[in-house]
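K.L.:
For reference, this is run_32.txt, and it has compact mmCIF, C-alpha atoms.
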# COMPACT_ATOMS: atom_id res chain seq x y z
CA ILE A 1 21.69 70.35 -44.35
CA ASN A 2 22.77 66.73 -44.64
CA THR A 3 25.18 65.28 -42.11
CA VAL A 4 27.62 63.20 -44.16
CA ILE A 5 30.07 60.72 -42.71
CA GLY A 6 32.61 60.16 -45.46
CA ASP A 7 34.25 57.12 -46.96
CA PHE A 8 36.44 55.22 -44.46
CA ALA A 9 35.87 58.05 -41.93
CA PHE A 10 36.12 55.77 -38.89
CA ALA A 11 37.32 52.55 -40.49
CA ASN A 12 39.55 50.27 -38.43
CA CYS A 13 39.04 52.22 -35.19
CA GLU A 14 39.62 49.19 -33.04
CA ASN A 15 38.56 50.76 -29.71
CA LEU A 16 35.39 52.49 -30.92
CA THR A 17 32.46 50.97 -29.00
CA LYS A 18 29.53 53.39 -29.45
CA VAL A 19 28.36 55.95 -32.02
CA VAL A 20 25.58 58.51 -31.49
CA LEU A 21 24.26 59.94 -34.76
CA PRO A 22 22.19 63.13 -35.19
CA ASN A 23 18.41 62.60 -35.07
CA ASP A 24 17.43 64.82 -37.99
CA ASN A 25 16.52 62.35 -40.79
CA LYS A 26 19.22 63.81 -43.03
CA ASN A 27 22.21 61.64 -42.23
CA ILE A 28 24.24 59.90 -44.92
CA ILE A 29 26.83 57.28 -44.12
CA LYS A 30 29.26 56.70 -46.96
CA ALA A 31 31.23 53.62 -47.99
CA ARG A 32 33.14 51.74 -45.28
CA ALA A 33 32.65 54.60 -42.83
CA PHE A 34 32.69 52.23 -39.85
CA TYR A 35 34.31 49.26 -41.57
CA ASN A 36 36.02 46.61 -39.45
CA ASN A 37 35.19 48.18 -36.10
CA LYS A 38 34.82 44.92 -34.24
CA ALA A 39 34.34 46.60 -30.84
CA LEU A 40 31.50 48.80 -32.13
CA GLU A 41 28.33 47.27 -30.67
CA GLU A 42 25.94 50.21 -30.40
CA VAL A 43 24.85 52.82 -32.95
CA GLU A 44 22.17 55.24 -31.74
CA ASN A 45 19.77 57.03 -34.11
CA LEU A 46 20.59 54.78 -37.05
CA GLN A 47 16.89 55.00 -37.95
CA PHE A 48 17.44 58.64 -38.95
CA VAL A 49 20.00 57.76 -41.63
CA LYS A 50 18.60 57.97 -45.16
CA ALA A 51 21.44 56.25 -47.02
CA ILE A 52 23.99 53.66 -45.88
CA GLY A 53 26.93 53.18 -48.21
CA GLU A 54 28.80 50.12 -49.38
CA TYR A 55 30.24 48.04 -46.52
CA ALA A 56 29.60 50.93 -44.12
CA PHE A 57 29.29 48.62 -41.10
CA ALA A 58 30.84 45.51 -42.60
CA SER A 59 32.87 43.38 -40.20
CA SER A 60 31.71 45.52 -37.29
CA GLY A 61 30.48 44.38 -33.88
CA ILE A 62 27.06 46.05 -34.18
CA LYS A 63 24.40 43.87 -32.49
CA SER A 64 21.13 45.50 -33.58
CA ALA A 65 20.05 47.93 -36.26
CA THR A 66 16.88 49.90 -36.95
CA ILE A 67 16.63 50.95 -40.59
CA GLY A 68 14.28 53.85 -41.34
CA GLU A 69 11.64 54.36 -44.02
CA ASN A 70 12.72 54.69 -47.67
CA VAL A 71 16.35 54.05 -46.78
CA ILE A 72 18.78 52.74 -49.39
CA CYS A 73 21.34 50.25 -48.06
CA ASP A 74 24.11 49.65 -50.57
CA GLU A 75 26.16 46.56 -51.26
CA GLY A 76 27.43 44.79 -48.18
CA ALA A 77 26.27 47.53 -45.80
CA PHE A 78 26.31 45.14 -42.82
CA TYR A 79 28.25 42.29 -44.41
CA LEU A 80 29.90 39.92 -41.93
CA SER A 81 28.81 42.03 -38.98
CA SER A 82 27.66 40.75 -35.58
CA LEU A 83 24.00 41.70 -36.07
CA GLU A 84 21.46 39.65 -34.14
CA THR A 85 18.29 41.68 -34.75
CA VAL A 86 17.23 44.07 -37.51
CA THR A 87 14.11 46.26 -37.67
CA ILE A 88 13.21 47.64 -41.10
CA GLY A 89 11.08 50.62 -42.15
CA LYS A 90 8.67 50.69 -45.08
CA ASN A 91 9.96 50.87 -48.65
CA ALA A 92 13.57 50.28 -47.61
CA ILE A 93 15.83 49.01 -50.38
CA PHE A 94 18.65 46.55 -49.76
CA GLY A 95 21.41 45.92 -52.27
CA PHE A 96 23.78 43.07 -52.98
CA ALA A 97 24.66 41.13 -49.80
CA SER A 98 23.52 43.95 -47.50
CA PHE A 99 23.30 41.41 -44.65
CA GLY A 100 25.41 38.69 -46.21
CA ASP A 101 27.23 36.35 -43.83
CA CYS A 102 25.63 37.89 -40.74
CA ARG A 103 25.87 34.54 -39.03
CA SER A 104 24.38 35.67 -35.71
CA LEU A 105 21.30 37.28 -37.28
CA LYS A 106 18.18 35.55 -35.97
CA VAL A 107 15.27 38.00 -36.36
CA VAL A 108 14.34 40.57 -38.99
CA ASN A 109 11.32 42.70 -38.06
CA MET A 110 9.51 43.87 -41.20
CA PRO A 111 7.25 46.94 -41.45
CA ASP A 112 3.46 46.57 -41.46
CA GLU A 113 3.30 48.87 -44.50
CA GLY A 114 5.63 46.62 -46.50
CA GLY A 115 7.34 47.61 -49.73
CA VAL A 116 10.77 46.27 -48.75
CA HIS A 117 13.09 45.32 -51.61
CA ILE A 118 15.46 42.41 -51.01
CA GLY A 119 18.46 42.45 -53.31
CA GLU A 120 20.74 39.76 -54.64
CA GLN A 121 22.39 37.62 -51.95
CA CYS A 122 20.92 40.00 -49.37
CA PHE A 123 20.76 37.43 -46.54
CA MET A 124 23.06 34.75 -47.92
CA ASN A 125 24.64 32.53 -45.28
CA CYS A 126 22.63 34.00 -42.42
CA LEU A 127 22.85 30.64 -40.76
CA GLN A 128 20.63 31.44 -37.74
CA LEU A 129 17.92 33.48 -39.47
CA LYS A 130 14.54 32.01 -38.55
CA THR A 131 12.06 34.89 -38.57
CA ILE A 132 11.32 37.34 -41.36
CA ASP A 133 7.84 38.22 -42.66
CA LEU A 134 8.26 38.04 -46.43
CA SER A 135 4.66 39.13 -46.99
CA LYS A 136 6.08 42.66 -46.54
CA THR A 137 8.38 42.64 -49.56
CA ASP A 138 7.81 44.18 -52.99
CA ASP A 139 7.22 41.99 -56.06
CA THR A 140 10.72 40.53 -56.51
CA ILE A 141 13.04 38.31 -54.49
CA GLU A 142 16.41 38.67 -56.18
CA ALA A 143 18.90 35.89 -56.94
CA TYR A 144 20.33 33.92 -54.01
CA ALA A 145 18.70 36.33 -51.56
CA PHE A 146 18.36 33.63 -48.89
CA TYR A 147 21.06 31.27 -50.08
CA ASN A 148 21.96 28.73 -47.40
CA CYS A 149 19.69 30.19 -44.72
CA ILE A 150 19.50 26.78 -43.12
CA GLU A 151 17.19 27.78 -40.23
CA LEU A 152 14.58 29.69 -42.26
CA LEU A 153 11.16 28.15 -41.61
CA SER A 154 8.66 30.02 -43.77
CA ALA A 155 8.32 32.23 -46.83
CA HIS A 156 4.91 33.81 -47.32
CA LEU A 157 5.50 35.59 -50.61
CA THR A 158 2.20 37.45 -50.74
CA ASN A 159 3.27 40.21 -53.12
CA VAL A 160 5.99 38.42 -55.05
CA LYS A 161 5.70 37.93 -58.80
CA VAL A 162 9.33 37.05 -59.54
CA ILE A 163 11.50 34.63 -57.57
CA GLU A 164 14.93 34.79 -59.11
CA GLU A 165 17.60 32.11 -59.48
CA GLY A 166 18.60 30.32 -56.30
CA ALA A 167 16.55 32.63 -54.08
CA PHE A 168 15.97 29.95 -51.43
CA VAL A 169 18.52 27.35 -52.48
CA GLY A 170 19.89 25.44 -49.53
CA CYS A 171 17.08 26.45 -47.15
CA THR A 172 16.89 22.97 -45.71
CA LYS A 173 14.27 23.75 -43.04
CA LEU A 174 11.93 25.76 -45.25
CA LEU A 175 8.61 24.11 -44.45
CA TYR A 176 5.90 26.68 -45.24
CA VAL A 177 5.78 28.49 -48.59
CA THR A 178 2.93 30.47 -50.13
CA LEU A 179 3.21 32.28 -53.45
CA PRO A 180 -0.31 33.28 -54.52
CA ILE A 181 0.55 35.59 -57.44
CA VAL A 182 4.00 34.43 -58.55
CA GLU A 183 4.65 34.49 -62.30
CA SER A 184 8.22 33.21 -62.50
CA ILE A 185 10.24 30.79 -60.38
CA GLY A 186 13.91 30.86 -61.25
CA GLU A 187 16.51 28.17 -61.67
CA SER A 188 17.26 26.25 -58.45
CA ALA A 189 14.97 28.61 -56.53
CA PHE A 190 14.04 26.07 -53.83
CA GLY A 191 16.59 23.40 -54.68
CA ARG A 192 19.54 21.91 -52.89
CA VAL A 193 23.08 23.27 -52.60
CA ASN A 194 24.74 19.99 -53.53
CA GLU A 195 24.01 16.29 -53.92
CA TYR A 196 24.55 15.64 -50.21
CA ALA A 197 21.98 18.19 -49.03
CA SER A 198 18.22 18.55 -49.43
CA GLY A 199 16.17 21.36 -50.83
CA ALA A 200 13.19 22.94 -49.08
CA ILE A 201 11.16 20.47 -47.00
CA PHE A 202 7.56 21.54 -47.66
CA THR A 203 5.23 18.57 -48.09
CA GLU A 204 2.78 20.52 -50.22
CA LEU A 205 2.98 23.57 -52.44
CA VAL A 206 0.22 25.35 -54.35
CA LEU A 207 1.44 26.78 -57.63
CA PRO A 208 -0.93 29.59 -58.69
CA GLU A 209 -2.59 29.99 -62.07
CA THR A 210 -0.47 33.13 -62.59
CA LEU A 211 2.71 31.05 -62.89
CA LYS A 212 4.25 31.14 -66.37
CA THR A 213 7.77 29.75 -66.01
CA ILE A 214 9.63 27.32 -63.75
CA GLY A 215 13.41 27.27 -64.04
CA VAL A 216 15.87 24.40 -64.33
CA GLY A 217 16.14 22.48 -61.05
CA ALA A 218 13.73 24.81 -59.28
CA PHE A 219 12.60 22.07 -56.87
CA LEU A 220 15.51 19.66 -57.19
CA GLY A 221 15.93 17.68 -53.99
CA CYS A 222 12.73 18.87 -52.29
CA GLU A 223 12.58 15.50 -50.58
CA LYS A 224 9.31 15.92 -48.65
CA LEU A 225 7.07 17.14 -51.50
CA VAL A 226 4.27 14.60 -52.01
CA GLU A 227 2.06 16.05 -54.75
CA ILE A 228 2.20 18.90 -57.25
CA THR A 229 -0.26 20.37 -59.75
CA ILE A 230 1.21 22.34 -62.63
CA PRO A 231 -0.75 25.46 -63.70
CA LYS A 232 -2.15 25.91 -67.20
CA LEU A 233 0.22 28.67 -68.33
CA ILE A 234 3.19 26.30 -68.07
CA THR A 235 4.17 24.76 -71.41
CA LYS A 236 7.45 23.09 -70.43
CA ILE A 237 8.78 21.18 -67.43
CA ASP A 238 12.46 22.02 -67.63
CA GLU A 239 15.35 19.69 -66.93
CA PHE A 240 15.93 18.61 -63.34
CA THR A 241 12.86 20.60 -62.18
CA PHE A 242 11.63 17.92 -59.75
CA SER A 243 14.64 15.59 -59.70
CA TYR A 244 15.13 13.65 -56.47
CA CYS A 245 11.87 14.73 -54.92
CA LEU A 246 12.01 11.45 -53.07
CA SER A 247 8.47 11.59 -51.60
CA LEU A 248 6.72 12.75 -54.76
CA GLU A 249 3.81 10.42 -55.54
CA LYS A 250 1.50 12.40 -57.82
CA VAL A 251 1.93 14.99 -60.57
CA VAL A 252 -0.98 16.68 -62.34
CA LEU A 253 0.01 18.16 -65.68
CA PRO A 254 -2.19 20.46 -67.79
CA THR A 255 -2.70 19.77 -71.49
CA THR A 256 -0.65 22.89 -72.20
CA VAL A 257 2.59 21.10 -71.27
CA THR A 258 4.18 19.95 -74.53
CA GLU A 259 7.73 19.28 -73.40
CA ILE A 260 9.33 17.55 -70.41
CA GLY A 261 13.08 18.08 -70.12
CA GLN A 262 15.76 15.54 -69.35
CA TYR A 263 15.93 14.31 -65.77
CA ALA A 264 12.83 16.37 -64.94
CA PHE A 265 11.57 13.70 -62.53
CA ALA A 266 14.73 11.60 -62.18
CA GLY A 267 15.10 9.86 -58.84
CA CYS A 268 11.43 10.26 -57.88
CA ASP A 269 11.22 6.68 -56.69
CA LEU A 270 7.69 6.93 -55.25
CA LEU A 271 6.10 8.61 -58.28
CA LYS A 272 3.22 6.44 -59.40
CA ASP A 273 0.58 8.83 -60.75
CA ILE A 274 1.29 11.28 -63.57
CA ASN A 275 -1.26 12.16 -66.20
Any chance you could put this one into structure tokens?
P.N.:
Amino acid sequence: INTVIGDFAFANCENLTKVVLPNDNKNIIKARAFYNNKALEEVENLQFVKAIGEYAFASSGIKSATIGENVICDEGAFYLSSLETVTIGKNAIFGFASFGDCRSLKVVNMPDEGGVHIGEQCFMNCLQLKTIDLSKTDDTIEAYAFYNCIELLSAHLTNVKVIEEGAFVGCTKLLYVTLPIVESIGESAFGRVNEYASGAIFTELVLPETLKTIGVGAFLGCEKLVEITIPKLITKIDEFTFSYCLSLEKVVLPTTVTEIGQYAFAGCDLLKDIN
């Protein structure tokens, strides 16, 4: 028998500080069940919950969360909460902005078995997030998943084939990126938020031979990138793709590229070698 905590069941309980859930792997927490409980810092047995509804713990004071295996976290499950640490089980699925605006979140512990799906805007504006092992995700990083994660240092996208629009836009400290089997890099994926900011700061990036498409402005403002080699499956360098890569000196293009879009390399003042 499932234990179900219904919609808004304990919402706005301003003095609630601790919740102890059953430990039977059958718990379901519905939408906004613990919404806006700012004094709620501790939730025991959360790892035994199999589904967490929309905004269930949004705007709550919860400090840490352990998410079990195969769990589905709906839209905004922990949005704007006080989370500092999250531990995730294998094959967990996170929806739109599940951890959006968790501005105290520093560490996300990923499962060794992997299979984690990161949804659209999942970690947007997690301004202190530094550590998350992205080699444990499935094959897609959805749009704006790490938007404006200004402390994020690395993204080892071992299993990722699709990086959607703006996935790492505004990650101004992103220094280490590997994407060995990626097939598609979306618009503004590693670019800058605005003209006053920079994009990712990697000095080198290996684009694999599996890569088929690079979106508009994908690397716009990646100011530290020095050299790039474009794989053979690419036929077009879209507009603004490498604009204002201020350190870019060398570009190697394959003969398959037949079109270079407007402003593709605009503002690359140091570029002196392009075949």
K.L.:
Write out as AutoDock Vina command-line options an axis-aligned box for region 65-84 of chain A: all of its atoms listed in the file, 4 Å added on each side, centre and edge lengths in Å with one decimal.
P.N.:
--center_x 20.8 --center_y 47.2 --center_z -42.7 --size_x 26.3 --size_y 23.0 --size_z 25.1
K.L.:
Per residue of region 53-103 of chain A within 9 Å of region 130-148 of chain A, record the nearest atom pair and its distance in Å to one decimal, counting all atoms listed in the file, with rows in chain order and ascending residue number, as a Markdown table.
P.N.:
| residue | atom | partner | partner_atom | distance |
| --- | --- | --- | --- | --- |
| A:Lys90 | CA | A:Lys136 | CA | 8.6 |
| A:Asn91 | CA | A:Asp138 | CA | 8.3 |
| A:Phe96 | CA | A:Ala145 | CA | 8.6 |
| A:Ala97 | CA | A:Ala145 | CA | 7.9 |
| A:Gly100 | CA | A:Ala145 | CA | 8.9 |
K.L.:
Report as a PyMOL selection string all protein, DNA and RNA residues lying within 8 Å of Ser188 (chain A), evaluated on all atoms listed in the file, omitting residues in the same chain fewer than 2 positions from it.
P.N.:
chain A and resi 165-167+169+186+190-192+215-220
K.L.:
I'd like the contact shell of Glu42 (chain A) - 7 Å cut-off, all atoms listed in the file, skipping same-chain residues fewer than 6 positions apart - returned as a PyMOL selection string.
P.N.:
chain A and resi 17-19+62-63
K.L.:
In Å to one decimal, how far is CA of Ile201 (chain A) from CA of Leu152 (chain A)?
P.N.:
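It comes out at 10.9 Å.
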K.L.:
Need to verify the contact set: Lys236 (chain A), 7 Å, only C-alpha atoms, exclusion of same-chain residues closer than 6 positions in sequence. Can you return it as an MDAnalysis selection string?
P.N.:
chainID A and resid 257:260
K.L.:
Using all atoms listed in the file, find the one residue out of A:Glu120, A:Glu249, A:Glu75, A:Glu183 that sits nearest to Ala56 (chain A).
P.N.:
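Answer, going by the shortest atom-to-atom distance: A:Glu75.
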K.L.:
Using Å and a single decimal, report how far CA of Glu113 (chain A) sits from CA of Glu164 (chain A).
P.N.:
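Spanning CA of Glu164 (chain A) to CA of Glu113 (chain A) is a straight-line distance of 23.4 Å.
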K.L.:
Which residues come within 8 Å of Ile52 (chain A), counting all atoms listed in the file, excluding same-chain residues fewer than 4 positions away, as an MDAnalysis selection string?
P.N.:
chainID A and resid 28:31 56 71:74 77
K.L.:
Please report the interatomic distance between CA of Cys102 (chain A) and CA of Leu83 (chain A) in Å with one decimal.
P.N.:
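CA of Leu83 (chain A) lies at a distance of 6.2 Å from CA of Cys102 (chain A).
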K.L.:
Which residue out of A:Lys106, A:Lys38, A:His156, A:Arg32 has the minimum interatomic distance to Gly6 (chain A) when all atoms listed in the file are used?
P.N.:
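With all atoms listed in the file as the atom set, the closest residue is A:Arg32.
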K.L.:
Around (12.3, 17.6, -66.2), as given in the file, which residues come within 8 Å? Count only C-alpha atoms and list them as a ChimeraX atom specification.
P.N.:
/A:216,237-243,260-266
K.L.:
With distances taken over only C-alpha atoms, which residue among A:Pro180, A:Gly53, A:Gly68, A:Gly61 lies nearest Asp7 (chain A)?
P.N.:
A:Gly53
K.L.:
From the options A:Gly95, A:Pro111, A:Leu248, A:Val193, which residue's atoms come nearest to Asn125 (chain A), counting all atoms listed in the file?
P.N.:
A:Val193
K.L.:
So which one's closest to Val108 (chain A), A:Gln121, A:Ser81, A:Thr66, A:Thr3? Using only C-alpha atoms, please.
P.N.:
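Once distances to Val108 (chain A) are computed over only C-alpha atoms, the minimum belongs to A:Thr66.
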K.L.:
Residues within 8 Å of Gln128 (chain A), please, as a PyMOL selection string. Count all atoms listed in the file; anything in the same chain fewer than 2 positions from it doesn't count.
P.N.:
chain A and resi 103-106+126+130+149-152
K.L.:
From the set A:Gly221, A:Thr229, A:Glu41, A:Val252, which residue has the shortest atom-to-atom contact distance to Cys268 (chain A), counting all atoms listed in the file?
P.N.:
A:Gly221
K.L.:
Could you add whatever atoms are missing so that region 100-125 of chain A carries N, CA, C and O atoms, then write the result as an mmCIF file, keeping the file's coordinate frame?
P.N.:
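So rebuild_0.cif came out as:
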data_model
loop_
_atom_site.group_PDB
_atom_site.id
_atom_site.type_symbol
_atom_site.label_atom_id
_atom_site.label_comp_id
_atom_site.auth_asym_id
_atom_site.auth_seq_id
_atom_site.Cartn_x
_atom_site.Cartn_y
_atom_site.Cartn_z
ATOM 1 N N GLY A 100 24.747 39.948 -45.913
ATOM 2 C CA GLY A 100 25.410 38.690 -46.210
ATOM 3 C C GLY A 100 26.353 38.246 -45.112
ATOM 4 O O GLY A 100 27.068 39.058 -44.520
ATOM 5 N N ASP A 101 26.333 36.960 -44.825
ATOM 6 C CA ASP A 101 27.230 36.350 -43.830
ATOM 7 C C ASP A 101 27.102 36.971 -42.452
ATOM 8 O O ASP A 101 28.070 36.961 -41.673
ATOM 9 N N CYS A 102 25.918 37.478 -42.123
ATOM 10 C CA CYS A 102 25.630 37.890 -40.740
ATOM 11 C C CYS A 102 25.192 36.632 -39.999
ATOM 12 O O CYS A 102 23.995 36.345 -39.877
ATOM 13 N N ARG A 103 26.125 35.905 -39.500
ATOM 14 C CA ARG A 103 25.870 34.540 -39.030
ATOM 15 C C ARG A 103 25.250 34.472 -37.651
ATOM 16 O O ARG A 103 24.912 33.383 -37.174
ATOM 17 N N SER A 104 25.079 35.623 -37.000
ATOM 18 C CA SER A 104 24.380 35.670 -35.710
ATOM 19 C C SER A 104 22.973 36.241 -35.855
ATOM 20 O O SER A 104 22.238 36.300 -34.872
ATOM 21 N N LEU A 105 22.603 36.645 -37.057
ATOM 22 C CA LEU A 105 21.300 37.280 -37.280
ATOM 23 C C LEU A 105 20.190 36.252 -37.163
ATOM 24 O O LEU A 105 20.140 35.280 -37.909
ATOM 25 N N LYS A 106 19.273 36.497 -36.213
ATOM 26 C CA LYS A 106 18.180 35.550 -35.970
ATOM 27 C C LYS A 106 16.819 36.107 -36.380
ATOM 28 O O LYS A 106 15.961 35.364 -36.856
ATOM 29 N N VAL A 107 16.601 37.411 -36.158
ATOM 30 C CA VAL A 107 15.270 38.000 -36.360
ATOM 31 C C VAL A 107 15.371 39.266 -37.199
ATOM 32 O O VAL A 107 16.193 40.148 -36.929
ATOM 33 N N VAL A 108 14.506 39.341 -38.216
ATOM 34 C CA VAL A 108 14.340 40.570 -38.990
ATOM 35 C C VAL A 108 12.888 41.003 -38.853
ATOM 36 O O VAL A 108 11.976 40.279 -39.273
ATOM 37 N N ASN A 109 12.665 42.155 -38.244
ATOM 38 C CA ASN A 109 11.320 42.700 -38.060
ATOM 39 C C ASN A 109 10.961 43.569 -39.260
ATOM 40 O O ASN A 109 11.609 44.590 -39.515
ATOM 41 N N MET A 110 9.922 43.162 -39.982
ATOM 42 C CA MET A 110 9.510 43.870 -41.200
ATOM 43 C C MET A 110 8.402 44.870 -40.884
ATOM 44 O O MET A 110 7.632 44.697 -39.937
ATOM 45 N N PRO A 111 8.265 45.918 -41.711
ATOM 46 C CA PRO A 111 7.250 46.940 -41.450
ATOM 47 C C PRO A 111 5.845 46.484 -41.850
ATOM 48 O O PRO A 111 5.681 45.767 -42.847
ATOM 49 N N ASP A 112 4.838 46.908 -41.118
ATOM 50 C CA ASP A 112 3.460 46.570 -41.460
ATOM 51 C C ASP A 112 3.079 47.089 -42.842
ATOM 52 O O ASP A 112 2.302 46.461 -43.575
ATOM 53 N N GLU A 113 3.649 48.245 -43.214
ATOM 54 C CA GLU A 113 3.300 48.870 -44.500
ATOM 55 C C GLU A 113 3.966 48.185 -45.687
ATOM 56 O O GLU A 113 3.557 48.390 -46.829
ATOM 57 N N GLY A 114 5.004 47.401 -45.440
ATOM 58 C CA GLY A 114 5.630 46.620 -46.500
ATOM 59 C C GLY A 114 6.500 47.436 -47.449
ATOM 60 O O GLY A 114 7.061 48.465 -47.105
ATOM 61 N N GLY A 115 6.600 46.925 -48.685
ATOM 62 C CA GLY A 115 7.340 47.610 -49.730
ATOM 63 C C GLY A 115 8.842 47.421 -49.685
ATOM 64 O O GLY A 115 9.587 48.118 -50.373
ATOM 65 N N VAL A 116 9.332 46.473 -48.904
ATOM 66 C CA VAL A 116 10.770 46.270 -48.750
ATOM 67 C C VAL A 116 11.329 45.511 -49.953
ATOM 68 O O VAL A 116 10.770 44.494 -50.369
ATOM 69 N N HIS A 117 12.440 46.015 -50.490
ATOM 70 C CA HIS A 117 13.090 45.320 -51.610
ATOM 71 C C HIS A 117 14.312 44.572 -51.117
ATOM 72 O O HIS A 117 15.197 45.152 -50.479
ATOM 73 N N ILE A 118 14.366 43.278 -51.440
ATOM 74 C CA ILE A 118 15.460 42.410 -51.010
ATOM 75 C C ILE A 118 16.332 42.082 -52.213
ATOM 76 O O ILE A 118 15.912 41.410 -53.145
ATOM 77 N N GLY A 119 17.559 42.577 -52.180
ATOM 78 C CA GLY A 119 18.460 42.450 -53.310
ATOM 79 C C GLY A 119 19.182 41.115 -53.377
ATOM 80 O O GLY A 119 19.034 40.237 -52.516
ATOM 81 N N GLU A 120 20.004 40.983 -54.387
ATOM 82 C CA GLU A 120 20.740 39.760 -54.640
ATOM 83 C C GLU A 120 21.647 39.399 -53.460
ATOM 84 O O GLU A 120 22.366 40.248 -52.929
ATOM 85 N N GLN A 121 21.579 38.163 -53.045
ATOM 86 C CA GLN A 121 22.390 37.620 -51.950
ATOM 87 C C GLN A 121 22.232 38.412 -50.648
ATOM 88 O O GLN A 121 23.118 38.389 -49.779
ATOM 89 N N CYS A 122 21.114 39.079 -50.492
ATOM 90 C CA CYS A 122 20.920 40.000 -49.370
ATOM 91 C C CYS A 122 21.164 39.340 -48.017
ATOM 92 O O CYS A 122 21.831 39.908 -47.145
ATOM 93 N N PHE A 123 20.625 38.133 -47.823
ATOM 94 C CA PHE A 123 20.760 37.430 -46.540
ATOM 95 C C PHE A 123 21.529 36.114 -46.702
ATOM 96 O O PHE A 123 21.367 35.203 -45.898
ATOM 97 N N MET A 124 22.350 36.009 -47.689
ATOM 98 C CA MET A 124 23.060 34.750 -47.920
ATOM 99 C C MET A 124 23.886 34.357 -46.697
ATOM 100 O O MET A 124 24.487 35.185 -46.023
ATOM 101 N N ASN A 125 23.859 33.081 -46.389
ATOM 102 C CA ASN A 125 24.640 32.530 -45.280
ATOM 103 C C ASN A 125 24.312 33.149 -43.924
ATOM 104 O O ASN A 125 25.179 33.194 -43.038
#
